[in-house]
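What follows is the content of start.tsv, which has TSV, C-alpha atoms and all ligand atoms:
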chain	number	residue	atom	x	y	z
K	1	MET	CA	142.41	60.22	108.42
K	2	SER	CA	140.31	58.84	105.62
K	3	ALA	CA	140.35	60.62	102.30
K	4	LEU	CA	137.29	62.66	101.45
K	5	PRO	CA	135.67	61.69	98.18
K	6	ALA	CA	136.93	63.99	95.43
K	7	VAL	CA	133.42	64.56	94.14
K	8	ALA	CA	130.34	64.63	96.33
K	9	ALA	CA	127.75	62.08	95.38
K	10	ALA	CA	125.09	63.61	93.16
K	11	GLU	CA	122.33	65.00	95.32
K	12	PRO	CA	119.11	63.11	94.96
K	13	GLN	CA	116.63	65.14	92.91
K	14	SER	CA	114.43	65.45	95.97
K	15	VAL	CA	116.72	67.95	97.65
K	16	THR	CA	116.94	70.66	95.01
K	17	ALA	CA	116.29	74.13	96.39
K	18	LEU	CA	112.60	73.89	95.44
K	19	PHE	CA	112.17	71.39	98.26
K	20	GLN	CA	114.28	73.23	100.84
K	21	PRO	CA	112.91	75.33	103.69
K	22	THR	CA	113.16	79.09	103.75
K	23	ARG	CA	111.38	82.06	105.27
K	24	VAL	CA	108.83	84.40	103.78
K	25	GLY	CA	109.08	87.43	106.01
K	26	ALA	CA	108.17	86.17	109.48
K	27	ILE	CA	106.77	82.91	108.15
K	28	PRO	CA	109.00	79.81	108.14
K	29	VAL	CA	108.10	77.52	105.23
K	30	THR	CA	109.13	73.92	104.64
K	31	ASN	CA	109.68	74.29	100.89
K	32	ARG	CA	109.53	76.86	98.08
K	33	ILE	CA	106.26	75.55	96.66
K	34	VAL	CA	103.27	77.83	97.13
K	35	MET	CA	99.61	77.08	96.54
K	36	ALA	CA	98.23	79.98	94.52
K	37	PRO	CA	94.93	81.59	95.54
K	38	LEU	CA	92.08	79.83	93.72
K	39	THR	CA	88.44	80.89	93.59
K	40	ARG	CA	86.18	77.87	94.19
K	41	ASN	CA	82.77	79.50	94.90
K	42	ARG	CA	81.79	77.10	97.66
K	43	ALA	CA	81.11	79.55	100.49
K	44	VAL	CA	77.91	78.89	102.40
K	45	GLY	CA	75.25	81.21	103.89
K	46	GLY	CA	76.57	84.66	104.69
K	47	ASN	CA	79.63	84.01	102.51
K	48	VAL	CA	81.20	81.90	105.25
K	49	PRO	CA	83.93	79.49	104.08
K	50	SER	CA	82.50	76.03	103.44
K	51	PRO	CA	82.98	73.48	106.25
K	52	LEU	CA	84.75	71.47	103.53
K	53	ALA	CA	87.35	74.25	103.15
K	54	ALA	CA	89.22	73.08	106.27
K	55	THR	CA	89.65	69.63	104.71
K	56	TYR	CA	90.50	71.07	101.27
K	57	TYR	CA	93.27	73.32	102.56
K	58	ALA	CA	94.60	70.80	105.12
K	59	GLN	CA	94.92	68.23	102.31
K	60	ARG	CA	97.25	70.70	100.57
K	61	ALA	CA	99.30	71.65	103.65
K	62	GLY	CA	102.41	70.06	102.11
K	63	ALA	CA	102.91	73.33	100.26
K	64	GLY	CA	105.44	75.58	101.94
K	65	LEU	CA	102.82	78.31	101.89
K	66	LEU	CA	99.11	78.17	101.11
K	67	ILE	CA	97.50	81.35	99.82
K	68	ALA	CA	93.81	81.01	100.56
K	69	GLU	CA	91.35	82.04	97.89
K	70	ALA	CA	90.46	85.66	97.20
K	71	THR	CA	88.22	86.82	100.06
K	72	GLN	CA	86.20	90.03	100.09
K	73	ILE	CA	87.18	92.60	102.70
K	74	CYS	CA	83.68	94.11	102.83
K	75	PRO	CA	80.28	93.38	101.27
K	76	GLU	CA	80.93	95.87	98.43
K	77	GLY	CA	84.12	93.98	97.58
K	78	GLN	CA	82.24	90.92	96.32
K	79	GLY	CA	82.02	90.22	92.62
K	80	TYR	CA	81.00	86.59	92.24
K	81	ILE	CA	78.48	84.33	93.90
K	82	ALA	CA	79.54	82.20	96.88
K	83	THR	CA	82.98	83.72	97.48
K	84	PRO	CA	83.98	84.00	101.14
K	85	GLY	CA	84.42	87.18	103.13
K	86	ILE	CA	86.51	88.23	106.14
K	87	HIS	CA	84.30	91.00	107.49
K	88	SER	CA	81.76	89.20	109.73
K	89	PRO	CA	82.20	87.23	112.99
K	90	GLN	CA	80.77	84.12	111.28
K	91	GLN	CA	83.33	84.39	108.49
K	92	ILE	CA	86.18	84.81	110.98
K	93	ALA	CA	84.95	81.72	112.84
K	94	GLY	CA	84.74	79.77	109.57
K	95	TRP	CA	88.27	80.72	108.62
K	96	LYS	CA	89.49	79.75	112.11
K	97	SER	CA	88.52	76.13	111.35
K	98	VAL	CA	90.60	76.35	108.18
K	99	THR	CA	93.72	77.78	109.78
K	100	GLN	CA	93.54	75.31	112.68
K	101	ALA	CA	93.29	72.36	110.27
K	102	VAL	CA	96.20	73.65	108.15
K	103	HIS	CA	98.40	74.29	111.18
K	104	ALA	CA	97.55	70.86	112.62
K	105	ALA	CA	98.76	69.40	109.31
K	106	GLY	CA	102.04	71.35	109.57
K	107	GLY	CA	101.22	74.00	106.96
K	108	ARG	CA	101.28	77.78	106.82
K	109	ILE	CA	98.49	79.84	105.31
K	110	VAL	CA	97.88	83.48	104.40
K	111	LEU	CA	94.61	85.04	103.28
K	112	GLN	CA	94.19	86.97	100.03
K	113	LEU	CA	92.39	90.28	100.69
K	114	TRP	CA	90.08	91.14	97.81
K	115	HIS	CA	87.98	94.01	96.59
K	116	VAL	CA	86.73	93.43	93.06
K	117	GLY	CA	85.87	97.07	92.30
K	118	ARG	CA	84.00	97.18	88.99
K	119	ILE	CA	84.13	93.40	88.41
K	120	SER	CA	80.79	92.96	90.10
K	121	HIS	CA	77.08	93.11	89.47
K	122	THR	CA	74.34	95.14	91.13
K	123	SER	CA	72.68	91.89	92.27
K	124	LEU	CA	75.75	91.15	94.41
K	125	GLN	CA	76.00	94.64	95.92
K	126	PRO	CA	74.36	95.70	99.20
K	127	GLY	CA	71.17	97.56	98.28
K	128	GLY	CA	71.51	96.54	94.62
K	129	VAL	CA	73.54	99.66	93.79
K	130	ALA	CA	76.37	100.07	91.29
K	131	PRO	CA	79.79	98.69	92.26
K	132	VAL	CA	82.62	101.15	92.88
K	133	ALA	CA	85.73	101.76	90.77
K	134	PRO	CA	88.34	104.46	90.20
K	135	SER	CA	86.26	105.76	87.28
K	136	ALA	CA	82.76	105.12	85.93
K	137	ILE	CA	83.98	102.92	83.08
K	138	ALA	CA	82.41	99.49	82.59
K	139	ALA	CA	84.72	96.54	82.06
K	140	ARG	CA	84.08	94.23	79.14
K	141	ALA	CA	83.99	91.28	81.47
K	142	LYS	CA	81.58	88.76	82.89
K	143	THR	CA	80.80	87.54	86.35
K	144	PHE	CA	78.78	84.74	87.86
K	145	THR	CA	75.63	85.65	89.81
K	146	ALA	CA	72.50	83.84	91.04
K	147	GLU	CA	71.15	84.38	87.50
K	148	GLY	CA	74.23	82.82	85.90
K	149	PHE	CA	77.00	84.28	83.78
K	150	VAL	CA	76.30	87.99	83.14
K	151	ASP	CA	78.06	91.17	82.01
K	152	VAL	CA	79.50	93.13	84.93
K	153	SER	CA	77.63	96.31	85.88
K	154	THR	CA	78.75	99.84	85.06
K	155	PRO	CA	80.46	101.17	88.20
K	156	ARG	CA	80.36	104.58	89.82
K	157	ALA	CA	83.60	106.41	90.59
K	158	LEU	CA	84.69	106.37	94.21
K	159	ARG	CA	84.69	109.88	95.67
K	160	LEU	CA	87.99	111.11	97.08
K	161	ASP	CA	86.40	111.33	100.53
K	162	GLU	CA	85.49	107.61	100.40
K	163	ILE	CA	89.07	106.40	100.01
K	164	PRO	CA	90.06	106.55	103.71
K	165	ALA	CA	87.15	104.22	104.58
K	166	LEU	CA	88.17	101.86	101.78
K	167	ILE	CA	91.71	101.66	103.17
K	168	GLU	CA	90.28	101.15	106.64
K	169	ASN	CA	88.31	98.16	105.30
K	170	TYR	CA	91.58	96.56	104.16
K	171	ARG	CA	93.15	97.24	107.55
K	172	ILE	CA	90.24	95.73	109.50
K	173	ALA	CA	90.12	92.74	107.17
K	174	ALA	CA	93.84	92.12	107.77
K	175	LEU	CA	93.28	92.24	111.53
K	176	ASN	CA	90.33	89.86	111.12
K	177	ALA	CA	92.55	87.47	109.16
K	178	ILE	CA	95.11	87.43	111.95
K	179	ALA	CA	92.29	86.93	114.49
K	180	ALA	CA	91.21	83.94	112.38
K	181	GLY	CA	94.69	82.45	112.78
K	182	PHE	CA	96.23	83.24	109.39
K	183	ASP	CA	100.02	83.56	109.27
K	184	GLY	CA	99.70	86.68	107.15
K	185	VAL	CA	97.77	88.33	104.34
K	186	GLU	CA	98.21	88.91	100.62
K	187	VAL	CA	96.79	92.16	99.23
K	188	HIS	CA	95.21	91.33	95.86
K	189	ALA	CA	96.44	94.01	93.47
K	190	ALA	CA	96.25	91.86	90.34
K	191	ASN	CA	93.85	90.55	87.71
K	192	GLY	CA	91.88	93.69	87.02
K	193	TYR	CA	90.30	94.00	90.47
K	194	LEU	CA	90.00	97.25	92.41
K	195	ILE	CA	93.64	98.06	93.18
K	196	ASP	CA	94.72	96.99	89.68
K	197	GLN	CA	91.95	99.22	88.26
K	198	PHE	CA	93.58	102.15	90.08
K	199	LEU	CA	97.06	101.17	88.83
K	200	ARG	CA	96.27	101.04	85.11
K	201	ASP	CA	95.49	104.06	82.98
K	202	GLY	CA	92.85	102.21	80.94
K	203	SER	CA	90.53	101.97	83.96
K	204	ASN	CA	91.75	104.95	86.02
K	205	HIS	CA	90.80	108.32	84.50
K	206	ARG	CA	90.78	110.20	87.82
K	207	GLU	CA	92.07	113.75	88.04
K	208	ASP	CA	92.71	113.75	91.80
K	209	ALA	CA	95.62	112.42	93.90
K	210	TYR	CA	94.76	108.83	92.90
K	211	GLY	CA	94.82	109.27	89.13
K	212	GLY	CA	96.97	110.62	86.31
K	213	SER	CA	100.67	110.18	87.06
K	214	ILE	CA	102.26	106.86	87.95
K	215	GLU	CA	102.88	108.28	91.40
K	216	ASN	CA	99.18	108.94	91.81
K	217	ARG	CA	98.00	105.64	90.34
K	218	THR	CA	100.30	103.64	92.65
K	219	ARG	CA	99.11	105.63	95.68
K	220	LEU	CA	96.15	103.43	96.63
K	221	LEU	CA	98.30	100.29	96.46
K	222	ALA	CA	100.99	101.89	98.62
K	223	GLU	CA	98.48	103.26	101.14
K	224	VAL	CA	96.61	99.95	101.45
K	225	ALA	CA	99.85	98.00	101.84
K	226	ALA	CA	101.12	100.51	104.42
K	227	ALA	CA	97.89	100.36	106.44
K	228	VAL	CA	97.82	96.57	106.39
K	229	ALA	CA	101.53	96.37	107.26
K	230	ALA	CA	101.07	98.76	110.19
K	231	ALA	CA	98.20	96.60	111.46
K	232	VAL	CA	99.70	93.09	111.22
K	233	GLY	CA	103.43	93.65	110.67
K	234	ALA	CA	105.09	94.21	107.30
K	235	ASP	CA	106.77	90.80	107.64
K	236	ARG	CA	103.34	89.15	107.36
K	237	VAL	CA	102.18	91.03	104.26
K	238	GLY	CA	102.46	90.11	100.60
K	239	VAL	CA	101.08	91.72	97.45
K	240	ARG	CA	99.99	90.06	94.21
K	241	LEU	CA	100.58	91.84	90.90
K	242	SER	CA	99.89	90.91	87.26
K	243	PRO	CA	101.77	93.58	85.30
K	244	VAL	CA	100.95	92.49	81.75
K	245	SER	CA	97.77	90.52	82.22
K	246	SER	CA	94.69	91.88	80.45
K	247	PHE	CA	92.42	89.71	82.61
K	248	ASN	CA	89.17	91.55	83.42
K	249	ASP	CA	89.79	94.14	80.72
K	250	VAL	CA	92.67	96.12	82.17
K	251	ALA	CA	95.47	97.75	80.22
K	252	ASP	CA	98.19	100.32	80.69
K	253	ARG	CA	100.27	102.27	78.20
K	254	GLN	CA	103.49	101.96	80.25
K	255	PRO	CA	103.34	98.79	82.33
K	256	GLN	CA	107.11	98.56	82.82
K	257	ALA	CA	107.47	102.01	84.38
K	258	LEU	CA	104.21	101.63	86.32
K	259	PHE	CA	105.06	98.33	87.95
K	260	GLU	CA	108.70	99.22	88.61
K	261	ARG	CA	107.44	102.15	90.66
K	262	ALA	CA	104.77	100.02	92.33
K	263	VAL	CA	107.41	97.51	93.43
K	264	GLU	CA	109.73	100.29	94.66
K	265	ARG	CA	106.95	101.60	96.85
K	266	LEU	CA	106.26	98.11	98.23
K	267	ASP	CA	109.96	97.57	98.89
K	268	ALA	CA	110.06	100.80	100.90
K	269	LEU	CA	107.42	99.32	103.22
K	270	GLY	CA	109.55	96.23	103.90
K	271	ILE	CA	106.74	93.78	103.15
K	272	ALA	CA	107.41	90.04	103.14
K	273	TYR	CA	106.77	89.19	99.53
K	274	VAL	CA	105.62	90.12	96.06
K	275	HIS	CA	103.73	87.47	94.09
K	276	VAL	CA	103.78	88.12	90.38
K	277	ILE	CA	101.77	86.54	87.58
K	278	GLU	CA	104.11	86.39	84.60
K	279	GLY	CA	102.07	87.00	81.44
K	280	GLU	CA	98.34	86.55	80.91
K	281	THR	CA	96.57	85.11	83.96
K	282	GLY	CA	96.48	81.36	83.41
K	283	GLY	CA	97.66	81.91	79.85
K	284	ARG	CA	100.59	82.83	77.65
K	285	ARG	CA	103.86	83.80	79.32
K	286	ASP	CA	105.66	85.21	76.29
K	287	LEU	CA	104.56	88.86	76.53
K	288	PRO	CA	107.30	91.48	76.41
K	289	PHE	CA	108.14	92.57	79.97
K	290	ASP	CA	111.28	92.65	82.09
K	291	PHE	CA	110.27	90.89	85.31
K	292	GLY	CA	113.91	90.85	86.45
K	293	ALA	CA	113.77	94.65	86.63
K	294	LEU	CA	110.94	94.31	89.16
K	295	ARG	CA	112.71	91.65	91.17
K	296	ARG	CA	115.86	93.76	91.43
K	297	ARG	CA	113.79	96.52	93.06
K	298	PHE	CA	112.49	94.30	95.86
K	299	ARG	CA	114.40	92.90	98.85
K	300	GLY	CA	111.73	90.53	100.21
K	301	SER	CA	110.72	87.14	98.85
K	302	TRP	CA	109.83	86.97	95.16
K	303	ILE	CA	107.07	84.50	94.28
K	304	VAL	CA	106.40	83.73	90.62
K	305	ASN	CA	103.36	82.12	89.07
K	306	ASN	CA	101.98	81.02	85.71
K	307	GLY	CA	102.18	77.59	84.21
K	308	TYR	CA	105.28	76.32	86.05
K	309	ASP	CA	106.19	72.65	86.29
K	310	ARG	CA	108.90	71.08	88.41
K	311	ARG	CA	111.72	71.71	85.93
K	312	SER	CA	110.85	75.32	85.15
K	313	ALA	CA	110.32	76.03	88.86
K	314	GLU	CA	113.72	74.56	89.72
K	315	ALA	CA	115.30	76.54	86.88
K	316	ALA	CA	113.71	79.81	88.07
K	317	ILE	CA	115.05	79.30	91.58
K	318	ALA	CA	118.48	78.17	90.36
K	319	ALA	CA	118.74	81.28	88.17
K	320	ASP	CA	117.64	83.43	91.13
K	321	ASP	CA	114.65	84.66	89.13
K	322	ALA	CA	112.43	83.59	92.05
K	323	ASP	CA	112.56	82.57	95.71
K	324	LEU	CA	109.35	80.54	95.59
K	325	VAL	CA	107.01	79.30	92.86
K	326	ALA	CA	103.21	79.24	93.07
K	327	PHE	CA	101.13	76.51	91.44
K	328	GLY	CA	97.40	76.87	90.89
K	329	ARG	CA	95.56	74.32	88.79
K	330	LEU	CA	98.05	71.57	89.63
K	331	PHE	CA	97.22	72.02	93.33
K	332	ILE	CA	93.48	71.74	92.74
K	333	ALA	CA	93.87	68.30	91.21
K	334	ASN	CA	96.83	67.13	93.31
K	335	PRO	CA	96.50	67.68	97.06
K	336	ASP	CA	99.90	65.98	97.51
K	337	LEU	CA	101.52	68.03	94.76
K	338	VAL	CA	104.79	68.58	96.65
K	339	ARG	CA	105.33	64.85	97.02
K	340	ARG	CA	104.36	64.19	93.41
K	341	LEU	CA	106.80	66.81	92.13
K	342	ARG	CA	109.59	65.51	94.37
K	343	GLU	CA	109.04	61.92	93.22
K	344	ASP	CA	108.29	62.86	89.60
K	345	ALA	CA	105.05	60.96	90.08
K	346	PRO	CA	102.19	61.23	87.59
K	347	LEU	CA	99.73	64.07	88.18
K	348	ASN	CA	95.95	63.81	88.39
K	349	ALA	CA	94.06	65.57	85.60
K	350	LEU	CA	91.97	68.62	86.46
K	351	ASP	CA	88.18	68.32	86.25
K	352	ALA	CA	87.23	71.74	84.85
K	353	GLY	CA	83.53	71.08	85.48
K	354	THR	CA	83.93	71.20	89.27
K	355	LEU	CA	86.15	74.29	89.55
K	356	TYR	CA	83.49	76.84	90.47
K	357	GLY	CA	80.75	75.91	92.92
K	358	GLY	CA	79.40	72.53	93.90
K	359	ASP	CA	80.22	70.16	96.70
K	360	ALA	CA	83.03	67.86	97.77
K	361	HIS	CA	83.28	66.41	94.28
K	362	GLY	CA	86.27	67.99	92.56
K	363	TYR	CA	87.12	69.78	95.80
K	364	THR	CA	88.15	67.37	98.54
K	365	ASP	CA	88.01	64.05	96.64
K	366	TYR	CA	91.09	64.18	94.39
K	367	PRO	CA	93.17	61.10	95.20
K	368	VAL	CA	96.62	61.14	96.81
K	369	LEU	CA	99.46	58.71	96.17
K	370	GLY	CA	99.29	55.49	98.16
C	401	LIG	C1	87.87	84.30	89.38
C	401	LIG	O1	86.96	84.17	90.20
C	401	LIG	O2	87.74	83.93	88.21
C	401	LIG	C2	89.13	84.93	89.80
C	401	LIG	C3	89.25	85.43	91.07
C	401	LIG	C4	90.43	86.03	91.46
C	401	LIG	C5	91.47	86.13	90.56
C	401	LIG	C6	91.36	85.64	89.29
C	401	LIG	C7	90.18	85.03	88.91
C	401	LIG	O3	92.59	86.74	90.90

Render the structure in this file as C-alpha cells.
Amino acid sequence: MSALPAVAAAEPQSVTALFQPTRVGAIPVTNRIVMAPLTRNRAVGGNVPSPLAATYYAQRAGAGLLIAEATQICPEGQGYIATPGIHSPQQIAGWKSVTQAVHAAGGRIVLQLWHVGRISHTSLQPGGVAPVAPSAIAARAKTFTAEGFVDVSTPRALRLDEIPALIENYRIAALNAIAAGFDGVEVHAANGYLIDQFLRDGSNHREDAYGGSIENRTRLLAEVAAAVAAAVGADRVGVRLSPVSSFNDVADRQPQALFERAVERLDALGIAYVHVIEGETGGRRDLPFDFGALRRRFRGSWIVNNGYDRRSAEAAIAADDADLVAFGRLFIANPDLVRRLREDAPLNALDAGTLYGGDAHGYTDYPVLG
C-alpha cells in the first residue's frame, strides 16, 4: 500500500467554494455566483423584453443563477420608460425566448417581480392617474419618462379594499413567469419600491392592518410572498431586501427590528432564498447594521450583494456570511464574469453611457476572453 501524502496538494484557486455547485431551493446551480437584477430600459413596444435580451442573458449564463431585471407585474407597477412587464401574452412570449436561450446555454434564471409604487410618474400610469403607495407622500426621487428625467409624481394611498387585488397581481405574475419558463421568481421588496414603501415607517403612515406596528408593516411582504409561494412553490421563490439603503427616499427608525421580523416571516414560509443589499444600493457598505442577525433567522439560501469582488466573495462564503454572492455592474461589462473571476483575468470597464436604454451597444457587445 502506497503512503498517502501527508498534506494534500493546495487546491487550485479555481475550486474554492465560490465556484462549486449548490442548490437554491429547487434550483440546482453550477456555482455560487449570481447575476444581480439590472434595469436596462431596452424593452420594445408593449414593454416586451427586447429580442436582444435573449442574447444578453444567454451570454451571462455562466452565472450559477441569473436574476432577470425588475419586471412590472401590472401596468400600474411601472415606474420607468421601457422596462419589461410580465402581465401580457406578448411579454410572456418575449420572456420565453430569454429563458429558452439561457437554458440552452446551461444557465438558470429567475424573474424579479416589481411594483414601483410611488416611484412612478403619471405619464407612465394607465389613464395618466397618480401612482399608488401605502400613503400619499411623494418621494424626493426622480424617474425617467418619455420627457426625460423628472420628479416622481405624488401618489395616492392604496385603499384597504385594493390590497387583495394587488396581491393577486403578484400571484398571477409569478404564474406567468413560470409559464414563460423561468426557474423561479424573486419578489422585489428592496430599493424603495412598493413593498419597501410599506415596510418603512418614513413612507408608510397607514392606520390600518398594513401600517403602524412592525407586524403590520411586514404584512404585505409576508402576504405577497405567501401568495407567490403557494402559486409556484416556496422552493422557487426568493425575496430581495435592502434594509439600510435610502435609495428612492426610504427610511425607517428601527431597521434592525423591522428587517429581523421581515426575515422571520419569510423563513416561516420556507422560501428558497433571501437576497440582501448590504448598505446603500450600489454605494457605501459601512452603515451600522447586523446582517448576521438576519442570516441567523433564515434557513434558506442567503445571497449577498453590493460591491463584491472575487476575494471578498470568497471570504463571505468561507466565513458562512453568505451562500451565494450577486454581482451587478461587473456582469454588465463582463458576460464571462465567472471565468474571469476564476482565472483572475482582467475585467472590462463599464460604459456608464449605455446602461439605460439604447441598442446592442453596451448591451450584447462586451467582449469575452479568447
Ligand atoms: C433603476 O431603474 O434605477 C432601478 C431599478 C430597480 C432597482 C434599483 C434601481 O432595484

Inset, instruction - Output the neighbourhood of ligand LIG 401 (chain C) as a list in words, that is, all protein and nucleic acid residues with some atom at most 7 Å from the ligand, counting all atoms listed in the file. - result: Leu38, Thr39, Ala70, Tyr80, Ala190 and Asn191 of chain K

Output file for the selection above: C-alpha atoms, as a compact mmCIF listing (two decimals), keeping the file's coordinate frame:
# COMPACT_ATOMS: atom_id res chain seq x y z
CA LEU K 38 92.08 79.83 93.72
CA THR K 39 88.44 80.89 93.59
CA ALA K 70 90.46 85.66 97.20
CA TYR K 80 81.00 86.59 92.24
CA ALA K 190 96.25 91.86 90.34
CA ASN K 191 93.85 90.55 87.71

Inset, instruction - Quote the spacing between CA of Asn248 (chain K) and CA of Ile119 (chain K) in Å to one decimal place. - result: 7.3 Å

Legend entry - Best match for closeness to Val325 (chain K) among K:Arg140, K:Arg206, K:His87, K:Arg32, counting all atoms listed in the file: K:Arg32

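You will find CA of Asp344 (chain K) at 14.7 Å from CA of Ile33 (chain K).
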
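The closest residue to Phe289 (chain K), picked from K:Asp267, K:Phe259, K:Glu162, K:Pro367 and counting all atoms listed in the file, is K:Phe259.
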
Inset, instruction - Might you pull out every residue within 8 Å of Ala68 (chain K), with all atoms listed in the file counted and same-chain residues fewer than 5 positions away left off, and present them as a PyMOL selection string? - result: chain K and resi 36-38+57+109-112

Would you put the residues from that selection into a file with C-alpha atoms, as a PDB file, keeping the file's coordinate frame?
ATOM      1  CA  ALA K  36      98.230  79.980  94.520  1.00  0.00           C
ATOM      2  CA  PRO K  37      94.930  81.590  95.540  1.00  0.00           C
ATOM      3  CA  LEU K  38      92.080  79.830  93.720  1.00  0.00           C
ATOM      4  CA  TYR K  57      93.270  73.320 102.560  1.00  0.00           C
ATOM      5  CA  ILE K 109      98.490  79.840 105.310  1.00  0.00           C
ATOM      6  CA  VAL K 110      97.880  83.480 104.400  1.00  0.00           C
ATOM      7  CA  LEU K 111      94.610  85.040 103.280  1.00  0.00           C
ATOM      8  CA  GLN K 112      94.190  86.970 100.030  1.00  0.00           C
TER       9      GLN K 112
END

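Once Arg296 (chain K) and its same-chain neighbours fewer than 5 positions away are set aside, Glu260, Val263, Glu264, Phe291, Trp302 and Asp321 of chain K remain within 10 Å of it when counting all atoms listed in the file.
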
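Comparing the minimum interatomic distances between Ala251 (chain K) and each of K:Ala43, K:Ala189, K:Leu355, K:Leu199, counting all atoms listed in the file, we find that K:Leu199 sits nearest.
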
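Of the residues listed (K:Ile195, K:Ala53, K:Ile67, K:Val228), K:Ile195 shows the shortest atom-to-atom separation from Gly117 (chain K); distances use all atoms listed in the file.
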
Legend entry - Residues within 8 Å of Gly79 (chain K), only C-alpha atoms, excluding chain neighbours under 2 positions, as a list in words: Gly77, Ile81, Val116, Gly117, Ile119, Ser120, His121, Leu124, Thr143 and Phe144 of chain K

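The closest residue to Leu160 (chain K), picked from K:Asp309, K:Glu207, K:Asp252, K:Glu215 and counting all atoms listed in the file, is K:Glu207.
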
Show me, as a PDB file with C-alpha atoms, keeping the file's coordinate frame, the residues that have an atom within 12 Å of Ala319 (chain K) when counting only C-alpha atoms, minus same-chain residues fewer than 6 positions from it.
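Final file, out19.pdb:
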ATOM      1  CA  ALA K  17     116.290  74.130  96.390  1.00  0.00           C
ATOM      2  CA  GLY K 292     113.910  90.850  86.450  1.00  0.00           C
ATOM      3  CA  SER K 312     110.850  75.320  85.150  1.00  0.00           C
ATOM      4  CA  ALA K 313     110.320  76.030  88.860  1.00  0.00           C
TER       5      ALA K 313
END

Legend entry - Among listed residues K:Pro255, K:Gln100, K:Ser242, K:Val232, nearest Arg217 (chain K) (using all atoms listed in the file): K:Pro255

File for region 182-195 of chain K (N, CA, C and O atoms), as an mmCIF file, in the first residue's frame:
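Ended up saving to selection.cif:
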data_model
loop_
_atom_site.group_PDB
_atom_site.id
_atom_site.type_symbol
_atom_site.label_atom_id
_atom_site.label_comp_id
_atom_site.auth_asym_id
_atom_site.auth_seq_id
_atom_site.Cartn_x
_atom_site.Cartn_y
_atom_site.Cartn_z
ATOM 1 N N PHE K 182 -39.304 30.504 -16.571
ATOM 2 C CA PHE K 182 -38.354 30.847 -15.506
ATOM 3 C C PHE K 182 -38.267 29.719 -14.480
ATOM 4 O O PHE K 182 -39.239 28.989 -14.264
ATOM 5 N N ASP K 183 -37.094 29.615 -13.852
ATOM 6 C CA ASP K 183 -36.878 28.598 -12.819
ATOM 7 C C ASP K 183 -37.464 29.021 -11.480
ATOM 8 O O ASP K 183 -37.524 28.214 -10.550
ATOM 9 N N GLY K 184 -37.844 30.287 -11.379
ATOM 10 C CA GLY K 184 -38.413 30.784 -10.135
ATOM 11 C C GLY K 184 -38.618 32.272 -10.251
ATOM 12 O O GLY K 184 -38.453 32.859 -11.331
ATOM 13 N N VAL K 185 -38.988 32.890 -9.129
ATOM 14 C CA VAL K 185 -39.205 34.345 -9.109
ATOM 15 C C VAL K 185 -38.561 34.947 -7.864
ATOM 16 O O VAL K 185 -38.386 34.277 -6.843
ATOM 17 N N GLU K 186 -38.206 36.225 -8.000
ATOM 18 C CA GLU K 186 -37.710 36.999 -6.860
ATOM 19 C C GLU K 186 -38.678 38.152 -6.630
ATOM 20 O O GLU K 186 -38.876 38.986 -7.528
ATOM 21 N N VAL K 187 -39.279 38.211 -5.458
ATOM 22 C CA VAL K 187 -40.159 39.328 -5.111
ATOM 23 C C VAL K 187 -39.280 40.516 -4.740
ATOM 24 O O VAL K 187 -38.453 40.426 -3.817
ATOM 25 N N HIS K 188 -39.453 41.615 -5.454
ATOM 26 C CA HIS K 188 -38.640 42.816 -5.197
ATOM 27 C C HIS K 188 -39.233 43.574 -4.016
ATOM 28 O O HIS K 188 -40.280 44.206 -4.141
ATOM 29 N N ALA K 189 -38.574 43.495 -2.891
ATOM 30 C CA ALA K 189 -39.030 44.194 -1.682
ATOM 31 C C ALA K 189 -37.951 45.163 -1.205
ATOM 32 O O ALA K 189 -37.869 45.481 -0.019
ATOM 33 N N ALA K 190 -37.142 45.630 -2.156
ATOM 34 C CA ALA K 190 -35.991 46.481 -1.814
ATOM 35 C C ALA K 190 -36.095 47.833 -2.513
ATOM 36 O O ALA K 190 -37.052 48.126 -3.232
ATOM 37 N N ASN K 191 -35.081 48.651 -2.261
ATOM 38 C CA ASN K 191 -34.804 49.862 -3.049
ATOM 39 C C ASN K 191 -35.944 50.874 -3.127
ATOM 40 O O ASN K 191 -36.064 51.606 -4.110
ATOM 41 N N GLY K 192 -36.758 50.920 -2.091
ATOM 42 C CA GLY K 192 -37.757 51.984 -2.032
ATOM 43 C C GLY K 192 -38.931 51.805 -2.972
ATOM 44 O O GLY K 192 -39.677 52.765 -3.200
ATOM 45 N N TYR K 193 -39.122 50.613 -3.509
ATOM 46 C CA TYR K 193 -40.300 50.354 -4.342
ATOM 47 C C TYR K 193 -41.464 49.913 -3.450
ATOM 48 O O TYR K 193 -41.381 49.972 -2.230
ATOM 49 N N LEU K 194 -42.575 49.489 -4.059
ATOM 50 C CA LEU K 194 -43.834 49.410 -3.308
ATOM 51 C C LEU K 194 -43.746 48.633 -1.989
ATOM 52 O O LEU K 194 -44.180 49.130 -0.942
ATOM 53 N N ILE K 195 -43.205 47.424 -2.026
ATOM 54 C CA ILE K 195 -43.223 46.632 -0.791
ATOM 55 C C ILE K 195 -42.323 47.273 0.253
ATOM 56 O O ILE K 195 -42.658 47.337 1.449
#
